[in-house]
file entry-v1.csv (CSV, C-alpha atoms and all ligand atoms)
chain,number,residue,atom,x,y,z
I,9,MET,CA,-5.2,41.9,175.5
I,10,THR,CA,-7.1,44.4,173.3
I,11,VAL,CA,-5.9,47.9,172.8
I,12,GLU,CA,-8.9,49.3,174.7
I,13,THR,CA,-8.0,47.2,177.7
I,14,VAL,CA,-4.5,48.4,177.6
I,15,LEU,CA,-5.6,52.0,177.3
I,16,GLN,CA,-8.0,51.7,180.2
I,17,ALA,CA,-5.9,49.5,182.5
I,18,ALA,CA,-2.3,48.8,182.6
I,19,SER,CA,-0.8,51.3,180.3
I,20,LEU,CA,-2.3,54.5,181.6
I,21,ALA,CA,-1.3,53.7,185.1
I,22,ASP,CA,1.8,51.6,184.7
I,23,TYR,CA,3.4,53.2,181.7
I,24,GLY,CA,2.5,56.9,182.3
I,25,PHE,CA,1.4,57.2,178.6
I,26,LYS,CA,3.6,60.1,177.6
I,27,ASN,CA,1.8,60.8,174.3
I,28,ILE,CA,-1.8,60.1,175.0
I,29,PRO,CA,-3.5,62.0,172.2
I,30,VAL,CA,-1.2,60.9,169.5
I,31,MET,CA,-0.9,57.3,170.6
I,32,LYS,CA,-4.7,57.0,171.2
I,33,GLN,CA,-5.3,58.2,167.7
I,34,LEU,CA,-2.8,55.7,166.4
I,35,ALA,CA,-4.7,53.0,168.3
I,36,LEU,CA,-8.0,54.1,166.9
I,37,ILE,CA,-6.8,54.1,163.4
I,38,LEU,CA,-5.4,50.6,163.8
I,39,GLN,CA,-8.7,49.4,165.3
I,40,SER,CA,-10.8,50.9,162.6
I,41,GLY,CA,-10.0,48.2,160.1
I,42,ASN,CA,-9.8,50.7,157.3
I,43,SER,CA,-7.7,48.6,154.9
I,44,SER,CA,-5.7,51.5,153.6
I,45,LEU,CA,-4.7,52.5,157.1
I,46,GLY,CA,-3.7,49.3,158.8
I,47,LYS,CA,-5.6,46.1,159.6
I,48,SER,CA,-8.2,45.7,162.3
I,49,GLY,CA,-6.8,43.7,165.1
I,50,MET,CA,-3.2,44.5,164.3
I,51,LEU,CA,-2.3,46.2,167.5
I,52,VAL,CA,-2.4,43.8,170.5
I,53,SER,CA,-0.7,45.9,173.2
I,54,MET,CA,0.5,49.4,173.6
I,55,SER,CA,2.6,51.3,176.2
I,56,ASP,CA,3.8,54.8,176.0
I,57,SER,CA,6.1,54.3,173.1
I,58,SER,CA,6.3,50.5,172.6
I,59,MET,CA,3.6,48.5,170.8
I,60,ALA,CA,3.1,44.8,169.8
I,61,PHE,CA,1.5,44.1,166.4
I,62,LYS,CA,0.0,40.8,165.1
I,63,ASN,CA,-1.4,40.2,161.6
I,64,HIS,CA,1.7,41.8,160.2
I,65,GLY,CA,1.6,39.5,157.2
I,66,ILE,CA,5.1,38.1,157.5
I,67,PRO,CA,5.1,34.3,157.3
I,68,GLU,CA,6.6,32.6,160.3
I,69,GLU,CA,8.9,30.6,158.0
I,70,THR,CA,10.4,33.8,156.6
I,71,ILE,CA,11.2,34.9,160.1
I,72,LEU,CA,12.6,31.6,161.2
I,73,GLY,CA,14.6,31.2,158.0
I,74,ALA,CA,16.5,34.4,158.7
I,75,ILE,CA,17.1,33.4,162.3
I,76,GLU,CA,18.3,29.9,161.3
I,77,GLU,CA,20.9,31.5,159.0
I,78,GLY,CA,22.0,33.8,161.9
I,79,LYS,CA,22.4,30.8,164.2
I,80,LYS,CA,24.5,29.0,161.6
I,81,PHE,CA,26.7,32.0,161.1
I,82,PHE,CA,27.2,32.7,164.8
I,83,ALA,CA,28.2,29.1,165.3
I,84,LEU,CA,31.2,29.5,163.0
I,85,PRO,CA,34.7,30.0,164.5
I,86,THR,CA,35.4,33.6,165.8
I,87,GLU,CA,38.2,34.2,163.3
I,88,THR,CA,35.9,33.3,160.4
I,89,LYS,CA,33.2,35.6,161.6
I,90,PHE,CA,35.7,38.5,161.9
I,91,GLU,CA,36.5,38.2,158.2
I,92,TYR,CA,33.2,40.1,157.9
I,93,ASP,CA,34.0,42.6,160.6
I,94,SER,CA,31.6,45.6,160.3
I,95,ARG,CA,34.4,47.9,161.4
I,96,LYS,CA,36.1,47.3,158.0
I,97,SER,CA,32.9,48.6,156.2
I,98,PRO,CA,32.4,52.4,155.7
I,99,ASN,CA,28.8,52.1,156.9
I,100,PHE,CA,29.0,49.4,159.6
I,101,LYS,CA,27.7,46.5,157.6
I,102,GLY,CA,28.7,43.0,158.5
I,103,TYR,CA,29.7,41.2,161.8
I,104,GLY,CA,30.1,42.8,165.2
I,105,GLY,CA,31.5,40.5,167.9
I,106,LEU,CA,30.7,40.2,171.6
I,107,LEU,CA,31.4,43.5,173.5
I,108,SER,CA,32.4,45.3,170.2
I,109,GLY,CA,29.6,47.8,170.7
I,110,ASN,CA,28.5,49.8,173.7
I,111,ASN,CA,25.0,51.4,173.6
I,112,ASP,CA,25.1,52.8,177.1
I,113,PRO,CA,28.2,55.0,177.7
I,114,GLU,CA,27.9,54.1,181.5
I,115,ASN,CA,28.5,50.5,180.6
I,116,ARG,CA,31.5,48.4,179.6
I,117,GLY,CA,30.1,46.9,176.4
I,118,ASP,CA,27.2,45.0,175.0
I,119,LEU,CA,27.2,41.2,175.4
I,120,HIS,CA,25.7,40.3,172.1
I,121,GLU,CA,27.1,39.5,168.6
I,122,GLY,CA,25.3,40.6,165.5
I,123,PHE,CA,25.3,40.8,161.7
I,124,ASP,CA,24.1,44.1,160.2
I,125,ILE,CA,22.7,44.7,156.7
I,126,GLY,CA,21.0,47.6,154.9
I,127,PRO,CA,19.2,48.1,151.6
I,128,GLU,CA,20.7,45.9,148.8
I,129,ASN,CA,20.2,48.5,146.1
I,130,SER,CA,21.7,51.4,148.0
I,131,HIS,CA,21.0,53.9,145.3
I,132,SER,CA,24.7,54.6,144.7
I,133,SER,CA,23.9,57.5,142.4
I,134,LYS,CA,22.7,59.4,145.5
I,135,LYS,CA,25.7,59.8,147.9
I,136,SER,CA,24.9,60.1,151.6
I,137,ALA,CA,26.6,59.8,154.9
I,138,MET,CA,25.5,56.1,154.9
I,139,SER,CA,26.4,55.1,151.3
I,140,GLY,CA,28.0,51.7,150.9
I,141,ALA,CA,27.3,48.1,150.0
I,142,ASN,CA,26.2,45.2,152.2
I,143,VAL,CA,28.7,42.6,153.3
I,144,TRP,CA,27.6,38.9,152.7
I,145,PRO,CA,29.2,35.8,154.2
I,146,THR,CA,28.2,33.7,151.2
I,147,ALA,CA,31.5,31.8,151.2
I,148,VAL,CA,30.8,30.3,154.6
I,149,ALA,CA,27.0,30.6,154.8
I,150,PRO,CA,25.7,30.1,151.2
I,151,ASN,CA,21.9,30.7,152.0
I,152,PHE,CA,22.4,33.6,154.4
I,153,ARG,CA,22.0,36.4,151.9
I,154,GLU,CA,18.8,35.1,150.3
I,155,ARG,CA,17.1,34.1,153.5
I,156,VAL,CA,18.1,37.2,155.5
I,157,LEU,CA,17.1,39.5,152.6
I,158,SER,CA,13.7,37.7,152.3
I,159,TYR,CA,12.9,38.7,155.9
I,160,TYR,CA,14.4,42.2,155.4
I,161,ASP,CA,12.1,42.8,152.3
I,162,ALA,CA,9.0,41.5,154.1
I,163,ALA,CA,9.7,43.7,157.2
I,164,VAL,CA,10.3,46.7,155.0
I,165,SER,CA,7.0,46.2,153.3
I,166,PHE,CA,5.2,46.0,156.7
I,167,GLY,CA,7.1,49.1,157.8
I,168,ARG,CA,5.9,51.0,154.8
I,169,THR,CA,2.3,50.5,156.0
I,170,LEU,CA,3.1,52.1,159.3
I,171,PHE,CA,4.4,55.5,158.0
I,172,PRO,CA,0.9,56.7,157.0
I,173,LEU,CA,-0.4,55.8,160.4
I,174,PHE,CA,2.2,57.9,162.2
I,175,ALA,CA,1.5,60.7,159.7
I,176,ILE,CA,-2.3,60.7,160.4
I,177,ALA,CA,-1.8,60.3,164.1
I,178,LEU,CA,0.2,63.6,163.9
I,179,ASP,CA,-2.5,65.4,161.8
I,180,LEU,CA,-0.2,65.3,158.8
I,181,PRO,CA,-1.3,64.3,155.3
I,182,GLU,CA,-1.3,60.4,155.0
I,183,ASP,CA,1.5,60.7,152.4
I,184,PHE,CA,3.8,62.9,154.4
I,185,PHE,CA,6.6,60.3,154.5
I,186,ASP,CA,6.1,59.0,151.0
I,187,ASP,CA,8.7,61.2,149.3
I,188,LYS,CA,11.0,60.8,152.3
I,189,THR,CA,11.1,57.0,152.2
I,190,GLN,CA,12.0,56.3,148.6
I,191,GLU,CA,15.3,54.6,149.2
I,192,THR,CA,14.5,52.1,152.0
I,193,ALA,CA,16.9,53.5,154.6
I,194,ALA,CA,16.4,50.5,156.9
I,195,ILE,CA,19.2,48.7,158.8
I,196,MET,CA,18.5,45.2,160.0
I,197,ARG,CA,20.5,43.2,162.6
I,198,VAL,CA,20.4,39.5,163.4
I,199,LEU,CA,21.4,39.3,167.0
I,200,HIS,CA,22.7,36.6,169.4
I,201,TYR,CA,22.7,37.0,173.1
I,202,PRO,CA,24.6,34.3,175.1
I,203,PRO,CA,23.1,33.6,178.5
I,204,GLN,CA,24.5,35.7,181.3
I,205,THR,CA,24.1,33.5,184.4
I,206,GLY,CA,26.3,33.2,187.5
I,207,PRO,CA,28.2,36.2,188.8
I,208,HIS,CA,28.0,39.2,186.4
I,209,ASP,CA,29.3,42.7,186.0
I,210,ASP,CA,26.3,45.1,186.4
I,211,ARG,CA,27.9,47.2,183.7
I,212,VAL,CA,27.7,44.4,181.1
I,213,LEU,CA,24.2,43.8,179.7
I,214,GLY,CA,23.1,42.1,176.5
I,215,ILE,CA,22.5,45.6,175.2
I,216,GLY,CA,22.7,48.6,177.4
I,217,ALA,CA,20.0,51.3,177.8
I,218,HIS,CA,19.6,53.2,174.6
I,219,THR,CA,17.2,54.6,172.1
I,220,ASP,CA,17.1,53.5,168.4
I,221,PHE,CA,18.3,56.0,165.8
I,222,GLU,CA,15.6,55.8,163.1
I,223,CYS,CA,11.8,56.5,162.9
I,224,PHE,CA,10.7,53.2,164.3
I,225,THR,CA,12.0,49.7,164.9
I,226,ILE,CA,10.3,46.5,164.0
I,227,LEU,CA,11.6,43.9,166.4
I,228,TRP,CA,11.2,40.2,166.4
I,229,GLN,CA,12.2,38.5,169.6
I,230,GLU,CA,12.6,34.9,170.5
I,231,PRO,CA,9.4,33.6,172.2
I,232,ASN,CA,9.5,32.4,175.8
I,233,ILE,CA,12.6,34.3,176.7
I,234,ASP,CA,12.3,37.4,178.8
I,235,ALA,CA,15.2,39.8,178.1
I,236,LEU,CA,13.9,43.0,176.6
I,237,GLN,CA,12.9,45.8,179.0
I,238,VAL,CA,11.4,49.2,178.3
I,239,LEU,CA,11.7,52.3,180.5
I,240,ASN,CA,8.3,53.7,181.4
I,241,ALA,CA,7.3,57.3,182.1
I,242,LYS,CA,8.0,56.7,185.8
I,243,ASN,CA,11.5,55.7,185.0
I,244,GLU,CA,10.9,52.1,185.9
I,245,TRP,CA,12.1,49.2,183.8
I,246,VAL,CA,9.2,47.1,182.6
I,247,LYS,CA,9.5,43.7,180.9
I,248,ALA,CA,8.5,43.6,177.2
I,249,THR,CA,7.7,40.0,177.4
I,250,PRO,CA,7.5,38.4,173.9
I,251,ILE,CA,3.9,37.8,172.7
I,252,PRO,CA,4.0,34.9,170.2
I,253,GLY,CA,3.1,35.9,166.6
I,254,THR,CA,3.8,39.6,167.2
I,255,LEU,CA,6.4,42.1,166.3
I,256,VAL,CA,7.4,44.9,168.7
I,257,ILE,CA,7.3,48.4,167.3
I,258,ASN,CA,9.5,50.9,169.2
I,259,ILE,CA,9.7,54.6,168.5
I,260,GLY,CA,13.1,56.0,167.5
I,261,ASP,CA,15.0,59.2,167.5
I,262,GLN,CA,14.1,60.3,164.0
I,263,LEU,CA,10.4,60.5,165.0
I,264,ALA,CA,11.3,62.3,168.2
I,265,ARG,CA,13.2,64.8,166.0
I,266,TRP,CA,10.3,65.1,163.4
I,267,THR,CA,7.9,65.7,166.3
I,268,ASN,CA,10.1,67.8,168.6
I,269,ASP,CA,9.7,65.1,171.2
I,270,VAL,CA,5.9,64.9,171.0
I,271,PHE,CA,6.8,61.3,170.2
I,272,LYS,CA,9.5,60.2,172.5
I,273,SER,CA,12.0,57.5,171.6
I,274,THR,CA,11.6,54.2,173.5
I,275,VAL,CA,14.4,53.7,176.0
I,276,HIS,CA,15.2,50.0,176.2
I,277,ARG,CA,17.8,47.4,177.0
I,278,ALA,CA,18.1,43.6,177.0
I,279,ILE,CA,19.6,41.2,179.6
I,280,ASN,CA,19.6,37.5,179.0
I,281,ARG,CA,19.7,35.8,182.4
I,282,THR,CA,17.6,32.8,181.2
I,283,GLY,CA,20.4,30.2,180.8
I,284,VAL,CA,19.6,29.7,177.1
I,285,GLU,CA,20.8,31.4,174.0
I,286,ARG,CA,18.6,34.2,172.8
I,287,TYR,CA,18.2,35.5,169.2
I,288,SER,CA,16.4,38.6,168.0
I,289,MET,CA,16.0,40.7,164.8
I,290,PRO,CA,15.5,44.4,164.9
I,291,LEU,CA,14.9,46.4,161.7
I,292,PHE,CA,15.3,50.1,162.1
I,293,PHE,CA,13.3,52.1,159.5
I,294,GLY,CA,14.2,55.7,158.9
I,295,VAL,CA,13.7,58.3,156.3
I,296,ASP,CA,16.1,58.5,153.3
I,297,TYR,CA,19.6,59.4,154.4
I,298,ASN,CA,19.7,62.8,152.6
I,299,VAL,CA,16.4,64.0,154.1
I,300,GLU,CA,16.8,66.8,156.7
I,301,LEU,CA,15.2,66.0,160.1
I,302,LYS,CA,13.2,69.2,160.7
I,303,ALA,CA,10.5,69.4,163.3
I,304,ILE,CA,7.0,69.6,161.8
I,305,PRO,CA,5.4,73.1,162.4
I,306,SER,CA,2.5,71.8,164.4
I,307,CYS,CA,5.0,70.5,167.0
I,308,ILE,CA,6.7,73.8,167.5
I,309,SER,CA,5.3,76.7,169.6
I,310,ALA,CA,6.6,79.5,171.8
I,311,GLU,CA,6.3,77.1,174.8
I,312,ARG,CA,7.8,74.3,172.8
I,313,PRO,CA,10.8,75.7,170.8
I,314,PRO,CA,12.7,73.4,168.6
I,315,LYS,CA,14.9,71.0,170.7
I,316,TYR,CA,17.1,69.6,168.0
I,317,GLU,CA,19.5,71.0,165.4
I,318,VAL,CA,18.6,70.2,161.8
I,319,ILE,CA,20.8,67.5,160.3
I,320,THR,CA,20.2,64.8,157.6
I,321,ALA,CA,19.0,61.4,158.6
I,322,GLY,CA,22.3,59.9,157.3
I,323,GLU,CA,24.4,62.2,159.4
I,324,HIS,CA,22.3,61.4,162.5
I,325,VAL,CA,22.5,57.6,162.0
I,326,LYS,CA,26.2,57.6,161.2
I,327,ALA,CA,27.1,59.8,164.2
I,328,ARG,CA,25.2,57.4,166.5
I,329,LEU,CA,26.8,54.4,165.0
I,330,GLU,CA,30.2,55.9,165.4
I,331,VAL,CA,29.6,56.5,169.1
I,332,THR,CA,28.2,53.0,169.6
I,333,TYR,CA,30.8,51.1,167.7
I,334,GLY,CA,33.8,53.3,168.4
I,335,LYS,CA,34.8,54.5,164.9
I,401,LIG,O1,17.4,42.3,171.2
I,401,LIG,C1,16.6,43.1,171.5
I,401,LIG,O2,15.5,42.7,172.0
I,401,LIG,C2,16.8,44.6,171.4
I,401,LIG,C3,17.8,44.9,170.4
I,401,LIG,C4,18.1,46.4,170.3
I,401,LIG,O3,17.6,47.1,171.1
I,401,LIG,C5,18.9,47.0,169.2
I,401,LIG,O4,19.6,46.3,168.5
I,401,LIG,O5,18.9,48.2,169.1
I,402,FE,FE,17.5,49.1,170.3

call {"tool": "encode", "arguments": {"input": "entry-v1.csv", "output": "structure tokens", "more": "lines below"}}
Ligand SMILES: O=C(O)CCC(=O)C(=O)O
Ligand SMILES: [Fe+2]
result
Amino acid sequence: MTVETVLQAASLADYGFKNIPVMKQLALILQSGNSSLGKSGMLVSMSDSSMAFKNHGIPEETILGAIEEGKKFFALPTETKFEYDSRKSPNFKGYGGLLSGNNDPENRGDLHEGFDIGPENSHSSKKSAMSGANVWPTAVAPNFRERVLSYYDAAVSFGRTLFPLFAIALDLPEDFFDDKTQETAAIMRVLHYPPQTGPHDDRVLGIGAHTDFECFTILWQEPNIDALQVLNAKNEWVKATPIPGTLVINIGDQLARWTNDVFKSTVHRAINRTGVERYSMPLFFGVDYNVELKAIPSCISAERPPKYEVITAGEHVKARLEVTYGK
């Protein structure tokens, strides 16, 4: 499906298209083929705040290498996995078991397990709310660090090409985010969702309804497994069916804060009722943890007063992690 088709057909009617001018501009930039501003044919589908990108330049084997390491780790005995418990880490790096997090306060817990990593060189000279090292399970999964980092680095490089697009779509200078994204404040998770078939508790999903905390999320999801759903502007859950060879881009809270909700965070959830194991890999790319999230002037007016208090990106991410993982 081309972007134009989506703009004309499904999205406008089905998704409500909350941010038409901004998102249309983003689509046009991406279609233009101007090499410094994104590649032609990159965007394959677009809803109000969720997009699918092809031609992202990340080799399939890099993606599958990281997933394979995740699969090997998750197959280890529970007590071995909990040696890397993220709740022992000051900044939530490492392993989180089934039901250890809860993204939707209305629910009882998220039925997935995951392994969380962040930037390897965490610029320890600059202290922030999210300072702290990664946790690596090298003793039990010798290739995990190398292969997971290989995807992390590739996804971060791709993510860096998206910041100028968002800046231009918002009528900001192309380099607006450059000085705010020097330290790679990106958290990545390798996730495993066991199948939920048979009788189930409606308040236990794979991951409950939530928004992501950073500027945008780059999400790889397992092909042929429908689990991810996005809330549209009419408050209906719509399937974000995996499109082979693409990465999903969802908008997160930091962009909502920068734009005073001109960009709205994508509300999403995942439920695996397919009968087979599901794996996914989100990378949440935000601005540096010491940068203040302050609405850009063009998004503030008398009719649209600032909606959010000004806090640093690190304080925002840490507060959300504490609520989700109960620390
Ligand atoms: O697994 C998915 O498709 C979504 C994961 C997610 O929303 C998250 O980790 O924040
Ligand atoms: Fe999410």

call {"tool": "residues_near_ligand", "arguments": {"input": "entry-v1.csv", "ligand": "ligand LIG 401 (chain I)", "cutoff": "6 Å", "atoms": "all atoms listed in the file", "output": "VMD selection string"}}
result
chain I and resid 220 229 236 277 to 278 288 290

call {"tool": "write_last_selection", "arguments": {"input": "entry-v1.csv", "atoms": "C-alpha atoms", "output": "short mmCIF file (atom, residue, chain, number, x, y, z; two decimals), in the coordinates of the input"}}
result
data_model
loop_
_atom_site.label_atom_id
_atom_site.label_comp_id
_atom_site.auth_asym_id
_atom_site.auth_seq_id
_atom_site.Cartn_x
_atom_site.Cartn_y
_atom_site.Cartn_z
CA ASP I 220 17.10 53.50 168.40
CA GLN I 229 12.20 38.50 169.60
CA LEU I 236 13.90 43.00 176.60
CA ARG I 277 17.80 47.40 177.00
CA ALA I 278 18.10 43.60 177.00
CA SER I 288 16.40 38.60 168.00
CA PRO I 290 15.50 44.40 164.90
#

call {"tool": "atom_distance", "arguments": {"input": "entry-v1.csv", "atom1": "CA of Glu128 (chain I)", "atom2": "CA of Asp93 (chain I)"}}
result
18.1 Å

call {"tool": "residues_near_point", "arguments": {"input": "entry-v1.csv", "point": "(18.0, 47.7, 151.9)", "cutoff": "7 Å", "atoms": "only C-alpha atoms", "output": "JSON, numbers by chain"}}
result
{"I": [126, 127, 128, 129, 130, 192, 193, 194]}

call {"tool": "closest_residue", "arguments": {"input": "entry-v1.csv", "among": "I:Arg116, I:Lys101, I:Arg312, I:Arg281", "to": "Val143 (chain I)", "atoms": "all atoms listed in the file"}}
result
I:Lys101

call {"tool": "closest_atom_pairs", "arguments": {"input": "entry-v1.csv", "of": "chain I", "to": "ligand FE 402 (chain I)", "cutoff": "12 Å", "atoms": "all atoms listed in the file", "output": "CSV"}}
result
residue,atom,partner,partner_atom,distance
I:Ser58,CA,I:FE402,FE,11.5
I:Asn110,CA,I:FE402,FE,11.5
I:Asn111,CA,I:FE402,FE,8.5
I:Asp112,CA,I:FE402,FE,10.8
I:Asp118,CA,I:FE402,FE,11.5
I:Ile195,CA,I:FE402,FE,11.6
I:Met196,CA,I:FE402,FE,11.1
I:Arg197,CA,I:FE402,FE,10.2
I:Leu199,CA,I:FE402,FE,11.1
I:Gly214,CA,I:FE402,FE,10.9
I:Ile215,CA,I:FE402,FE,7.8
I:Gly216,CA,I:FE402,FE,8.8
I:Ala217,CA,I:FE402,FE,8.2
I:His218,CA,I:FE402,FE,6.3
I:Thr219,CA,I:FE402,FE,5.8
I:Asp220,CA,I:FE402,FE,4.8
I:Phe221,CA,I:FE402,FE,8.3
I:Glu222,CA,I:FE402,FE,10.0
I:Cys223,CA,I:FE402,FE,11.9
I:Phe224,CA,I:FE402,FE,10.0
I:Thr225,CA,I:FE402,FE,7.7
I:Ile226,CA,I:FE402,FE,9.9
I:Leu227,CA,I:FE402,FE,8.8
I:Trp228,CA,I:FE402,FE,11.6
I:Gln229,CA,I:FE402,FE,11.9
I:Leu236,CA,I:FE402,FE,9.5
I:Gln237,CA,I:FE402,FE,10.4
I:Val238,CA,I:FE402,FE,10.1
I:Val256,CA,I:FE402,FE,11.1
I:Ile257,CA,I:FE402,FE,10.7
I:Asn258,CA,I:FE402,FE,8.3
I:Ile259,CA,I:FE402,FE,9.7
I:Gly260,CA,I:FE402,FE,8.6
I:Asp261,CA,I:FE402,FE,10.8
I:Ser273,CA,I:FE402,FE,10.1
I:Thr274,CA,I:FE402,FE,8.4
I:Val275,CA,I:FE402,FE,8.0
I:His276,CA,I:FE402,FE,6.4
I:Arg277,CA,I:FE402,FE,6.9
I:Ala278,CA,I:FE402,FE,8.7
I:Ser288,CA,I:FE402,FE,10.8
I:Met289,CA,I:FE402,FE,10.2
I:Pro290,CA,I:FE402,FE,7.4
I:Leu291,CA,I:FE402,FE,9.4
I:Phe292,CA,I:FE402,FE,8.5
I:Phe293,CA,I:FE402,FE,12.0
I:Arg328,CA,I:FE402,FE,11.9
I:Leu329,CA,I:FE402,FE,11.9
I:Thr332,CA,I:FE402,FE,11.4

call {"tool": "build_atoms", "arguments": {"input": "entry-v1.csv", "residues": "region 111-122 of chain I", "atoms": "N, CA and C atoms", "output": "short mmCIF file (atom, residue, chain, number, x, y, z; two decimals), in the frame of the given file"}}
result
data_model
loop_
_atom_site.label_atom_id
_atom_site.label_comp_id
_atom_site.auth_asym_id
_atom_site.auth_seq_id
_atom_site.Cartn_x
_atom_site.Cartn_y
_atom_site.Cartn_z
N ASN I 111 26.12 50.44 173.78
CA ASN I 111 25.00 51.40 173.60
C ASN I 111 24.82 52.32 174.75
N ASP I 112 25.30 51.95 175.94
CA ASP I 112 25.10 52.80 177.10
C ASP I 112 26.53 53.26 177.56
N PRO I 113 26.84 54.54 177.41
CA PRO I 113 28.20 55.00 177.70
C PRO I 113 28.58 54.72 179.20
N GLU I 114 27.59 54.48 180.07
CA GLU I 114 27.90 54.10 181.50
C GLU I 114 28.42 52.70 181.59
N ASN I 115 28.21 51.90 180.54
CA ASN I 115 28.50 50.50 180.60
C ASN I 115 29.88 50.15 179.98
N ARG I 116 30.25 48.85 180.07
CA ARG I 116 31.50 48.40 179.60
C ARG I 116 31.47 47.75 178.19
N GLY I 117 30.28 47.56 177.66
CA GLY I 117 30.10 46.90 176.40
C GLY I 117 28.89 46.05 176.36
N ASP I 118 28.41 45.75 175.14
CA ASP I 118 27.20 45.00 175.00
C ASP I 118 27.50 43.51 174.74
N LEU I 119 26.92 42.61 175.55
CA LEU I 119 27.20 41.20 175.40
C LEU I 119 26.30 40.51 174.39
N HIS I 120 26.42 40.97 173.15
CA HIS I 120 25.70 40.30 172.10
C HIS I 120 26.62 40.35 170.83
N GLU I 121 26.41 39.41 169.91
CA GLU I 121 27.10 39.50 168.60
C GLU I 121 25.97 39.73 167.57
N GLY I 122 26.32 40.34 166.45
CA GLY I 122 25.30 40.60 165.50
C GLY I 122 25.81 40.75 164.07
#
